[in-house]
Amino acid sequence: MKLYRFLSEEDTSAFCHKVTDALNKGWELYGTPTQTWDHAAGVMRCGQAVVKDADGTYHPDIKLGAQ
């Protein structure tokens, strides 16, 4: 099955660590990263889609971060 996640975080090193952790768990970058200004919080936010091929059959109860 093909899995998809969208990772997001404030524009700090925490975002880079989140993406790095996913890459080291076998996820691959999908598309280009994005940034946007969060007016409510007053911070810049980053996002990156990642995908991964995994064994099994997809069901909505799958914990994507645990794959």
# chains A, B, ... in the order shown; residues from 1 in each chain; ligands from 1

call {"tool": "closest_atom_pairs", "arguments": {"of": "stretch 20-43 of chain A", "to": "stretch 49-54 of chain A", "cutoff": "12 Å", "atoms": "only C-alpha atoms", "output": "Markdown table"}}
result
| residue | atom | partner | partner_atom | distance |
| --- | --- | --- | --- | --- |
| A:Thr20 | CA | A:Val50 | CA | 10.9 |
| A:Asp21 | CA | A:Val50 | CA | 11.4 |
| A:Ala22 | CA | A:Val50 | CA | 7.9 |
| A:Leu23 | CA | A:Val50 | CA | 8.4 |
| A:Asn24 | CA | A:Lys52 | CA | 11.5 |
| A:Lys25 | CA | A:Lys52 | CA | 9.3 |
| A:Gly26 | CA | A:Lys52 | CA | 6.7 |
| A:Trp27 | CA | A:Lys52 | CA | 4.8 |
| A:Glu28 | CA | A:Val50 | CA | 5.3 |
| A:Leu29 | CA | A:Val50 | CA | 4.6 |
| A:Tyr30 | CA | A:Val50 | CA | 4.9 |
| A:Gly31 | CA | A:Ala49 | CA | 6.6 |
| A:Thr32 | CA | A:Ala49 | CA | 7.8 |
| A:Pro33 | CA | A:Ala49 | CA | 7.3 |
| A:Thr34 | CA | A:Ala49 | CA | 9.2 |

call {"tool": "write_last_selection", "arguments": {"atoms": "C-alpha atoms", "output": "PDB file, in the first residue's frame"}}
result
ATOM      1  CA  THR A  20      14.509  14.041   9.066  1.00  0.00           C
ATOM      2  CA  ASP A  21      12.917  11.505  11.419  1.00  0.00           C
ATOM      3  CA  ALA A  22      10.379  10.525   8.740  1.00  0.00           C
ATOM      4  CA  LEU A  23      13.116  10.153   6.104  1.00  0.00           C
ATOM      5  CA  ASN A  24      15.116   7.901   8.418  1.00  0.00           C
ATOM      6  CA  LYS A  25      12.006   5.739   8.906  1.00  0.00           C
ATOM      7  CA  GLY A  26      11.732   5.107   5.163  1.00  0.00           C
ATOM      8  CA  TRP A  27       9.405   7.936   4.127  1.00  0.00           C
ATOM      9  CA  GLU A  28      10.273   9.847   0.932  1.00  0.00           C
ATOM     10  CA  LEU A  29       9.716  13.510   0.118  1.00  0.00           C
ATOM     11  CA  TYR A  30       6.708  14.152  -2.103  1.00  0.00           C
ATOM     12  CA  GLY A  31       6.542  17.488  -3.868  1.00  0.00           C
ATOM     13  CA  THR A  32       8.074  20.698  -2.644  1.00  0.00           C
ATOM     14  CA  PRO A  33       7.970  22.122   0.872  1.00  0.00           C
ATOM     15  CA  THR A  34       5.634  24.987   1.642  1.00  0.00           C
TER      16      THR A  34
END

call {"tool": "residues_around", "arguments": {"residues": "stretch 55-61 of chain A", "least_positions_apart": "4", "cutoff": "10 Å", "atoms": "only C-alpha atoms", "output": "PyMOL selection string"}}
result
chain A and resi 1-3+67

call {"tool": "write_last_selection", "arguments": {"atoms": "C-alpha atoms", "output": "mmCIF file, in the first residue's frame"}}
result
data_model
loop_
_atom_site.group_PDB
_atom_site.id
_atom_site.type_symbol
_atom_site.label_atom_id
_atom_site.label_comp_id
_atom_site.auth_asym_id
_atom_site.auth_seq_id
_atom_site.Cartn_x
_atom_site.Cartn_y
_atom_site.Cartn_z
ATOM 1 C CA MET A 1 0.000 0.000 0.000
ATOM 2 C CA LYS A 2 1.096 3.592 -0.521
ATOM 3 C CA LEU A 3 0.935 5.843 2.551
ATOM 4 C CA GLN A 67 4.644 3.101 10.005
#

call {"tool": "atom_distance", "arguments": {"atom1": "atom CA of A:His17", "atom2": "atom CA of A:Gln48"}}
result
12.1 Å

call {"tool": "residues_around", "arguments": {"residues": "A:Lys18", "least_positions_apart": "4", "cutoff": "9 Å", "atoms": "only C-alpha atoms", "output": "NGL selection string"}}
result
:A and (7-9 or 13-14 or 22-23)

call {"tool": "write_last_selection", "arguments": {"atoms": "N, CA and C atoms", "output": "mmCIF file, in the first residue's frame"}}
result
data_model
loop_
_atom_site.group_PDB
_atom_site.id
_atom_site.type_symbol
_atom_site.label_atom_id
_atom_site.label_comp_id
_atom_site.auth_asym_id
_atom_site.auth_seq_id
_atom_site.Cartn_x
_atom_site.Cartn_y
_atom_site.Cartn_z
ATOM 1 N N LEU A 7 3.469 16.656 6.888
ATOM 2 C CA LEU A 7 4.127 17.093 8.113
ATOM 3 C C LEU A 7 4.107 18.611 8.166
ATOM 4 N N SER A 8 3.789 19.163 9.316
ATOM 5 C CA SER A 8 3.810 20.619 9.458
ATOM 6 C C SER A 8 4.282 20.979 10.853
ATOM 7 N N GLU A 9 4.817 22.179 10.954
ATOM 8 C CA GLU A 9 5.402 22.628 12.224
ATOM 9 C C GLU A 9 5.755 24.100 12.056
ATOM 10 N N SER A 13 13.876 24.527 13.994
ATOM 11 C CA SER A 13 14.577 23.277 13.765
ATOM 12 C C SER A 13 13.679 22.069 14.037
ATOM 13 N N ALA A 14 12.601 22.246 14.809
ATOM 14 C CA ALA A 14 11.676 21.145 15.078
ATOM 15 C C ALA A 14 11.078 20.595 13.782
ATOM 16 N N ALA A 22 11.187 11.271 9.712
ATOM 17 C CA ALA A 22 10.379 10.525 8.740
ATOM 18 C C ALA A 22 11.263 9.909 7.650
ATOM 19 N N LEU A 23 12.224 10.672 7.141
ATOM 20 C CA LEU A 23 13.116 10.153 6.104
ATOM 21 C C LEU A 23 13.913 8.952 6.612
#

call {"tool": "atom_distance", "arguments": {"atom1": "atom CA of A:Tyr4", "atom2": "atom CA of A:Trp37"}}
result
23.9 Å

call {"tool": "select_by_dssp", "arguments": {"residues": "chain A", "states": "strand (DSSP E)", "output": "JSON, numbers by chain"}}
result
{"A": [2, 3, 4, 5, 6, 7, 8, 9, 10, 28, 29, 30, 31, 32, 33, 34, 35, 36, 37, 38, 43, 44, 45, 46, 47, 48, 49, 50, 51, 52, 53]}

call {"tool": "write_last_selection", "arguments": {"atoms": "N, CA and C atoms", "output": "mmCIF file, in the first residue's frame"}}
result
data_model
loop_
_atom_site.group_PDB
_atom_site.id
_atom_site.type_symbol
_atom_site.label_atom_id
_atom_site.label_comp_id
_atom_site.auth_asym_id
_atom_site.auth_seq_id
_atom_site.Cartn_x
_atom_site.Cartn_y
_atom_site.Cartn_z
ATOM 1 N N LYS A 2 0.395 2.311 -0.506
ATOM 2 C CA LYS A 2 1.096 3.592 -0.521
ATOM 3 C C LYS A 2 0.499 4.460 0.581
ATOM 4 N N LEU A 3 1.372 4.991 1.451
ATOM 5 C CA LEU A 3 0.935 5.843 2.551
ATOM 6 C C LEU A 3 1.343 7.282 2.281
ATOM 7 N N TYR A 4 0.559 8.224 2.770
ATOM 8 C CA TYR A 4 0.799 9.655 2.574
ATOM 9 C C TYR A 4 0.647 10.354 3.909
ATOM 10 N N ARG A 5 1.559 11.265 4.187
ATOM 11 C CA ARG A 5 1.458 12.128 5.378
ATOM 12 C C ARG A 5 1.833 13.541 4.980
ATOM 13 N N PHE A 6 1.232 14.507 5.651
ATOM 14 C CA PHE A 6 1.648 15.894 5.498
ATOM 15 C C PHE A 6 2.186 16.355 6.844
ATOM 16 N N LEU A 7 3.469 16.656 6.888
ATOM 17 C CA LEU A 7 4.127 17.093 8.113
ATOM 18 C C LEU A 7 4.107 18.611 8.166
ATOM 19 N N SER A 8 3.789 19.163 9.316
ATOM 20 C CA SER A 8 3.810 20.619 9.458
ATOM 21 C C SER A 8 4.282 20.979 10.853
ATOM 22 N N GLU A 9 4.817 22.179 10.954
ATOM 23 C CA GLU A 9 5.402 22.628 12.224
ATOM 24 C C GLU A 9 5.755 24.100 12.056
ATOM 25 N N GLU A 10 5.981 24.776 13.174
ATOM 26 C CA GLU A 10 6.520 26.138 13.094
ATOM 27 C C GLU A 10 7.872 26.089 12.384
ATOM 28 N N GLU A 28 9.606 9.091 1.987
ATOM 29 C CA GLU A 28 10.273 9.847 0.932
ATOM 30 C C GLU A 28 9.544 11.168 0.721
ATOM 31 N N LEU A 29 10.317 12.200 0.399
ATOM 32 C CA LEU A 29 9.716 13.510 0.118
ATOM 33 C C LEU A 29 8.786 13.406 -1.072
ATOM 34 N N TYR A 30 7.672 14.127 -1.013
ATOM 35 C CA TYR A 30 6.708 14.152 -2.103
ATOM 36 C C TYR A 30 6.378 15.612 -2.378
ATOM 37 N N GLY A 31 6.793 16.095 -3.529
ATOM 38 C CA GLY A 31 6.542 17.488 -3.868
ATOM 39 C C GLY A 31 7.511 18.425 -3.164
ATOM 40 N N THR A 32 7.198 19.690 -3.225
ATOM 41 C CA THR A 32 8.074 20.698 -2.644
ATOM 42 C C THR A 32 7.536 21.151 -1.288
ATOM 43 N N PRO A 33 8.425 21.616 -0.422
ATOM 44 C CA PRO A 33 7.970 22.122 0.872
ATOM 45 C C PRO A 33 7.187 23.423 0.686
ATOM 46 N N THR A 34 6.433 23.776 1.691
ATOM 47 C CA THR A 34 5.634 24.987 1.642
ATOM 48 C C THR A 34 5.798 25.772 2.937
ATOM 49 N N GLN A 35 5.570 27.068 2.857
ATOM 50 C CA GLN A 35 5.591 27.931 4.034
ATOM 51 C C GLN A 35 4.398 28.873 3.959
ATOM 52 N N THR A 36 3.876 29.226 5.114
ATOM 53 C CA THR A 36 2.791 30.201 5.173
ATOM 54 C C THR A 36 2.833 30.912 6.520
ATOM 55 N N TRP A 37 2.337 32.110 6.537
ATOM 56 C CA TRP A 37 2.294 32.894 7.763
ATOM 57 C C TRP A 37 1.009 32.550 8.513
ATOM 58 N N ASP A 38 1.136 32.143 9.767
ATOM 59 C CA ASP A 38 -0.002 31.840 10.641
ATOM 60 C C ASP A 38 -0.355 33.125 11.394
ATOM 61 N N VAL A 43 3.323 33.297 13.665
ATOM 62 C CA VAL A 43 4.552 32.560 13.328
ATOM 63 C C VAL A 43 4.485 32.051 11.890
ATOM 64 N N MET A 44 5.646 31.761 11.329
ATOM 65 C CA MET A 44 5.738 31.126 10.024
ATOM 66 C C MET A 44 5.611 29.616 10.239
ATOM 67 N N ARG A 45 4.867 28.948 9.376
ATOM 68 C CA ARG A 45 4.708 27.492 9.444
ATOM 69 C C ARG A 45 5.227 26.865 8.163
ATOM 70 N N CYS A 46 5.830 25.680 8.311
ATOM 71 C CA CYS A 46 6.357 24.919 7.179
ATOM 72 C C CYS A 46 5.563 23.634 7.019
ATOM 73 N N GLY A 47 5.538 23.112 5.809
ATOM 74 C CA GLY A 47 4.876 21.838 5.546
ATOM 75 C C GLY A 47 5.618 21.070 4.472
ATOM 76 N N GLN A 48 5.550 19.740 4.578
ATOM 77 C CA GLN A 48 6.175 18.863 3.582
ATOM 78 C C GLN A 48 5.388 17.561 3.524
ATOM 79 N N ALA A 49 4.994 17.171 2.328
ATOM 80 C CA ALA A 49 4.332 15.883 2.141
ATOM 81 C C ALA A 49 5.391 14.799 2.023
ATOM 82 N N VAL A 50 5.082 13.622 2.566
ATOM 83 C CA VAL A 50 5.959 12.453 2.463
ATOM 84 C C VAL A 50 5.108 11.240 2.115
ATOM 85 N N VAL A 51 5.699 10.275 1.428
ATOM 86 C CA VAL A 51 5.011 9.038 1.050
ATOM 87 C C VAL A 51 5.893 7.851 1.393
ATOM 88 N N LYS A 52 5.242 6.685 1.504
ATOM 89 C CA LYS A 52 5.979 5.470 1.832
ATOM 90 C C LYS A 52 5.198 4.271 1.320
ATOM 91 N N ASP A 53 5.916 3.303 0.747
ATOM 92 C CA ASP A 53 5.312 2.018 0.395
ATOM 93 C C ASP A 53 5.418 1.122 1.616
#
